[in-house]
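Everything below concerns the one structure shown next.
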Amino acid sequence: MSIENNNNNNNNNNNNKNKTWFQAILNLDKRFVYIFIFLAVSLPFFLDPVVDIKSTKWVQSAYDLVDEAAQKRKPIIIGFDYDPATLAELQPMAVSILRHAFSKNVKVVGINFILNGTSLAATTMENIAKEYGKKNGEDYAFFGYLPQPTVVLLNFGENFRKSYKKDYYGKDLNELPMLKGLQNFDDFHVVFCLSGTGLPGTYIVYGVDRFKFNYVAGVTAVSAADYYPYLQSGQMKGLLGGMKAAAEYEFISGKISDGMRGMASQSWGHITIIFFIIVGNILFYAKKRYEDKEKNS
């Protein structure tokens, strides 16, 4: 009898331990879940993760146009037409294009039609230029902000000095060495417009349709589908849609930055959420089965 009692006591102890362990998992503080998600989302920004991304045709085309500019020794234009509200998606594009251009010794002219994004654009150009030892006025120029983009684009098609007399820093454009011999869109190999507004369409109507230059738009992911008809018509030569496109551009150029980190952050965050959903469902059915067993015993 004593042996049977000992066995029963051992079984009860084991059941109690299992029950305690099981209840501890079920009662796990939800803040632990938030901590894991926080780590999954934030860690990629402190690392150099590489996400296996296949480049789309239109991102590759944008990249190739900058390479062609280097071969033809022609400058490019970047419209920094975004503000802090869309910075997360569009800033990585701007950084990637600038790094690619400066690494190939392509000169860059920056313009801007969004007032509260002007200093952001200037700082971005300055910081990336420093990485490659490029000088303002010799390797790049930032014209700064002007209102009425329709008028500015029409003037740019003839002579950009009709609209721009001085650059963002107050220097006369005629005193900037890199602008000697440059007059209008014909002197640039490609024009980029990076914007979360309707400005990419304005560039087409008042620029591309009239002056026939190579044009690429960089837009937020949610608005990318609106611009596919322009790709099919040939009015646009490339399209960068959202952070994924920025990551693709980085992957092609081999320069990992915030685009790739952002995609890794999304991927790791999604994987973590899926993991907890699976674990939660397993625990739910295990709890139900355990309760049924308790009722029947």
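FYI, nothing fancy with the structure tokens labels: chains A, B, ... in order, residues from 1 per chain, ligands from 1 as they appear.
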
- Item | Contact residues around Ala62 of chain A with only C-alpha atoms at 12 Å, ignoring same-chain residues under 4 positions, as an MDAnalysis selection string | chainID A and resid 55:58 66:69 76 93 96:97 100:101 189:193 214:218 231 236:241 245:246 248:249 252:253

- Task: Find the residues around Ile114 of chain A up to 10 Å (only C-alpha atoms counted), leave out those fewer than 3 positions away in its own chain, and share them as a list in words.
- Result: Gly79, Phe80, Asp81, Tyr82, Asp83, Ile111, Gly117, Thr118, Ala121, Gly144, Tyr145, Leu146, Pro147, Pro149, Ser195, Thr197 and Leu199 of chain A

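Distances here use only C-alpha atoms; by that measure, the residue among A:Lys165, A:Leu65, A:Leu115, A:Glu158 closest to Gln183 of chain A is A:Glu158.
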
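If you measure from each of A:Asn174, A:Ser163, A:Ser103, A:Thr220 to Val151 of chain A using only C-alpha atoms, the closest one turns out to be A:Ser163.
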
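Between atom CA of Asn136 of chain A and atom CA of Leu182 of chain A the interatomic distance comes to 16.1 Å.
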
- Message: So that I can check the surroundings of Asn159 of chain A, please list as a PyMOL selection string every protein, DNA and RNA residue that reaches within 10 Å of it, counting only C-alpha atoms and ignoring chain neighbours fewer than 4 positions away.
- Response: chain A and resi 152-155+163-164+182-185

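For the atom pair formed by atom CA of Asn127 of chain A and atom CA of Leu43 of chain A, the distance is 23.9 Å, given to one decimal.
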
- Query: When DSSP works through the backbone of this structure, what residues of segment 203-297 of chain A end up as alpha helix (DSSP H), shown as an NGL selection string?
  - Reply: :A and (203 or 209-211 or 228-233 or 242-253 or 258-296)

- Message: If DSSP is run on the backbone, what residues of segment 85-210 of chain A are strand (DSSP E)? A reply as number ranges by chain would be ideal.
- Response: A: 108-112, 140-145, 190-195

Keeping only all heavy atoms, write the selected residues to a file as a short mmCIF file (atom, residue, chain, number, x, y, z; two decimals), in the first residue's frame.
data_model
loop_
_atom_site.label_atom_id
_atom_site.label_comp_id
_atom_site.auth_asym_id
_atom_site.auth_seq_id
_atom_site.Cartn_x
_atom_site.Cartn_y
_atom_site.Cartn_z
N VAL A 108 25.45 66.24 -59.50
CA VAL A 108 24.03 66.23 -59.13
C VAL A 108 23.54 67.64 -58.87
O VAL A 108 24.19 68.42 -58.16
CB VAL A 108 23.79 65.38 -57.86
CG1 VAL A 108 22.30 65.37 -57.51
CG2 VAL A 108 24.31 63.96 -58.05
N VAL A 109 22.38 67.95 -59.43
CA VAL A 109 21.68 69.21 -59.12
C VAL A 109 20.41 68.85 -58.37
O VAL A 109 19.62 68.01 -58.82
CB VAL A 109 21.33 70.00 -60.40
CG1 VAL A 109 20.32 71.12 -60.09
CG2 VAL A 109 22.59 70.59 -61.02
N GLY A 110 20.22 69.47 -57.21
CA GLY A 110 19.03 69.22 -56.41
C GLY A 110 18.08 70.40 -56.46
O GLY A 110 18.50 71.56 -56.40
N ILE A 111 16.79 70.11 -56.60
CA ILE A 111 15.76 71.14 -56.56
C ILE A 111 14.68 70.70 -55.58
O ILE A 111 14.65 69.54 -55.16
CB ILE A 111 15.15 71.44 -57.95
CG1 ILE A 111 14.51 70.16 -58.53
CG2 ILE A 111 16.22 71.97 -58.90
CD1 ILE A 111 13.82 70.40 -59.88
N ASN A 112 13.78 71.63 -55.24
CA ASN A 112 12.80 71.31 -54.21
C ASN A 112 11.57 72.20 -54.34
O ASN A 112 11.68 73.42 -54.48
CB ASN A 112 13.44 71.50 -52.83
CG ASN A 112 12.45 71.43 -51.70
OD1 ASN A 112 12.13 72.45 -51.12
ND2 ASN A 112 11.95 70.25 -51.40
N TYR A 140 28.30 69.05 -56.86
CA TYR A 140 26.85 69.09 -56.68
C TYR A 140 26.40 70.51 -56.41
O TYR A 140 27.20 71.37 -55.99
CB TYR A 140 26.40 68.18 -55.54
CG TYR A 140 26.68 68.70 -54.15
CD1 TYR A 140 25.70 69.40 -53.43
CD2 TYR A 140 27.93 68.52 -53.54
CE1 TYR A 140 25.95 69.89 -52.16
CE2 TYR A 140 28.19 68.99 -52.27
CZ TYR A 140 27.20 69.68 -51.58
OH TYR A 140 27.45 70.17 -50.32
N ALA A 141 25.13 70.77 -56.67
CA ALA A 141 24.55 72.08 -56.39
C ALA A 141 23.11 71.87 -55.94
O ALA A 141 22.39 71.03 -56.50
CB ALA A 141 24.59 72.97 -57.63
N PHE A 142 22.72 72.62 -54.94
CA PHE A 142 21.34 72.57 -54.48
C PHE A 142 20.71 73.94 -54.68
O PHE A 142 21.12 74.92 -54.09
CB PHE A 142 21.27 72.16 -53.01
CG PHE A 142 19.87 72.04 -52.48
CD1 PHE A 142 18.93 71.25 -53.15
CD2 PHE A 142 19.47 72.71 -51.34
CE1 PHE A 142 17.63 71.14 -52.68
CE2 PHE A 142 18.19 72.60 -50.85
CZ PHE A 142 17.26 71.82 -51.53
N PHE A 143 19.70 73.99 -55.56
CA PHE A 143 19.07 75.26 -55.91
C PHE A 143 18.09 75.73 -54.84
O PHE A 143 17.75 76.90 -54.79
CB PHE A 143 18.33 75.14 -57.24
CG PHE A 143 19.24 75.00 -58.43
CD1 PHE A 143 18.72 74.81 -59.70
CD2 PHE A 143 20.63 75.06 -58.30
CE1 PHE A 143 19.55 74.70 -60.81
CE2 PHE A 143 21.46 74.94 -59.40
CZ PHE A 143 20.92 74.75 -60.65
N GLY A 144 17.60 74.79 -54.02
CA GLY A 144 16.67 75.17 -52.97
C GLY A 144 15.23 75.19 -53.41
O GLY A 144 14.86 74.64 -54.45
N TYR A 145 14.41 75.83 -52.61
CA TYR A 145 12.95 75.83 -52.80
C TYR A 145 12.48 76.99 -53.68
O TYR A 145 12.96 78.11 -53.57
CB TYR A 145 12.26 75.93 -51.45
CG TYR A 145 10.78 76.23 -51.53
CD1 TYR A 145 9.87 75.23 -51.85
CD2 TYR A 145 10.31 77.53 -51.32
CE1 TYR A 145 8.51 75.51 -51.94
CE2 TYR A 145 8.95 77.82 -51.41
CZ TYR A 145 8.06 76.81 -51.72
OH TYR A 145 6.73 77.09 -51.82
N VAL A 190 19.20 62.35 -66.68
CA VAL A 190 17.97 61.83 -66.09
C VAL A 190 17.49 62.77 -64.99
O VAL A 190 18.30 63.42 -64.31
CB VAL A 190 18.16 60.39 -65.53
CG1 VAL A 190 19.22 60.36 -64.46
CG2 VAL A 190 16.84 59.83 -65.00
N VAL A 191 16.18 62.83 -64.83
CA VAL A 191 15.57 63.64 -63.78
C VAL A 191 14.80 62.71 -62.84
O VAL A 191 13.98 61.90 -63.29
CB VAL A 191 14.59 64.69 -64.36
CG1 VAL A 191 13.91 65.47 -63.24
CG2 VAL A 191 15.32 65.63 -65.31
N PHE A 192 15.09 62.81 -61.54
CA PHE A 192 14.37 62.06 -60.52
C PHE A 192 13.44 63.02 -59.78
O PHE A 192 13.84 64.14 -59.46
CB PHE A 192 15.33 61.44 -59.49
CG PHE A 192 16.13 60.28 -59.99
CD1 PHE A 192 17.34 60.49 -60.65
CD2 PHE A 192 15.70 58.98 -59.79
CE1 PHE A 192 18.10 59.42 -61.10
CE2 PHE A 192 16.45 57.90 -60.24
CZ PHE A 192 17.65 58.12 -60.89
N CYS A 193 12.24 62.56 -59.49
CA CYS A 193 11.35 63.28 -58.59
C CYS A 193 10.96 62.32 -57.47
O CYS A 193 10.32 61.30 -57.72
CB CYS A 193 10.09 63.79 -59.30
SG CYS A 193 8.86 64.48 -58.18
N LEU A 194 11.34 62.65 -56.24
CA LEU A 194 11.02 61.82 -55.08
C LEU A 194 9.97 62.55 -54.26
O LEU A 194 10.25 63.58 -53.65
CB LEU A 194 12.28 61.58 -54.24
CG LEU A 194 13.53 61.11 -55.00
CD1 LEU A 194 14.71 60.93 -54.05
CD2 LEU A 194 13.26 59.82 -55.75
N SER A 195 8.75 62.03 -54.27
CA SER A 195 7.67 62.77 -53.62
C SER A 195 6.51 61.87 -53.20
O SER A 195 6.21 60.88 -53.87
CB SER A 195 7.15 63.86 -54.57
OG SER A 195 6.14 64.62 -53.94
#

- Task: Check the smallest atom-to-atom distance from each of A:Lys244, A:Tyr169, A:Ile204, A:Ser119 to Pro229 of chain A using only C-alpha atoms, then report the winner.
- Result: A:Ile204

Do you know which residues are at most 8 Å from Glu250 of chain A counting only C-alpha atoms, after dropping those on the same chain fewer than 4 positions away, and could you put them as a short mmCIF file (atom, residue, chain, number, x, y, z; two decimals) with C-alpha atoms, in the first residue's frame?
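Generated file (part-v4.cif):
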data_model
loop_
_atom_site.label_atom_id
_atom_site.label_comp_id
_atom_site.auth_asym_id
_atom_site.auth_seq_id
_atom_site.Cartn_x
_atom_site.Cartn_y
_atom_site.Cartn_z
CA SER A 96 20.95 55.53 -52.43
CA ALA A 246 14.97 51.71 -51.92
CA GLY A 254 25.90 46.92 -52.78
CA LYS A 255 25.53 49.79 -50.31
CA ILE A 256 23.35 48.66 -47.40
CA SER A 257 21.50 51.50 -45.69
CA GLY A 259 16.11 50.87 -47.04
CA MET A 260 17.48 47.38 -46.44
#

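Proximity of A:Ala247, A:Ile271, A:Ile53, A:Ile35 to Val95 of chain A, computed with only C-alpha atoms, is greatest for A:Ala247.
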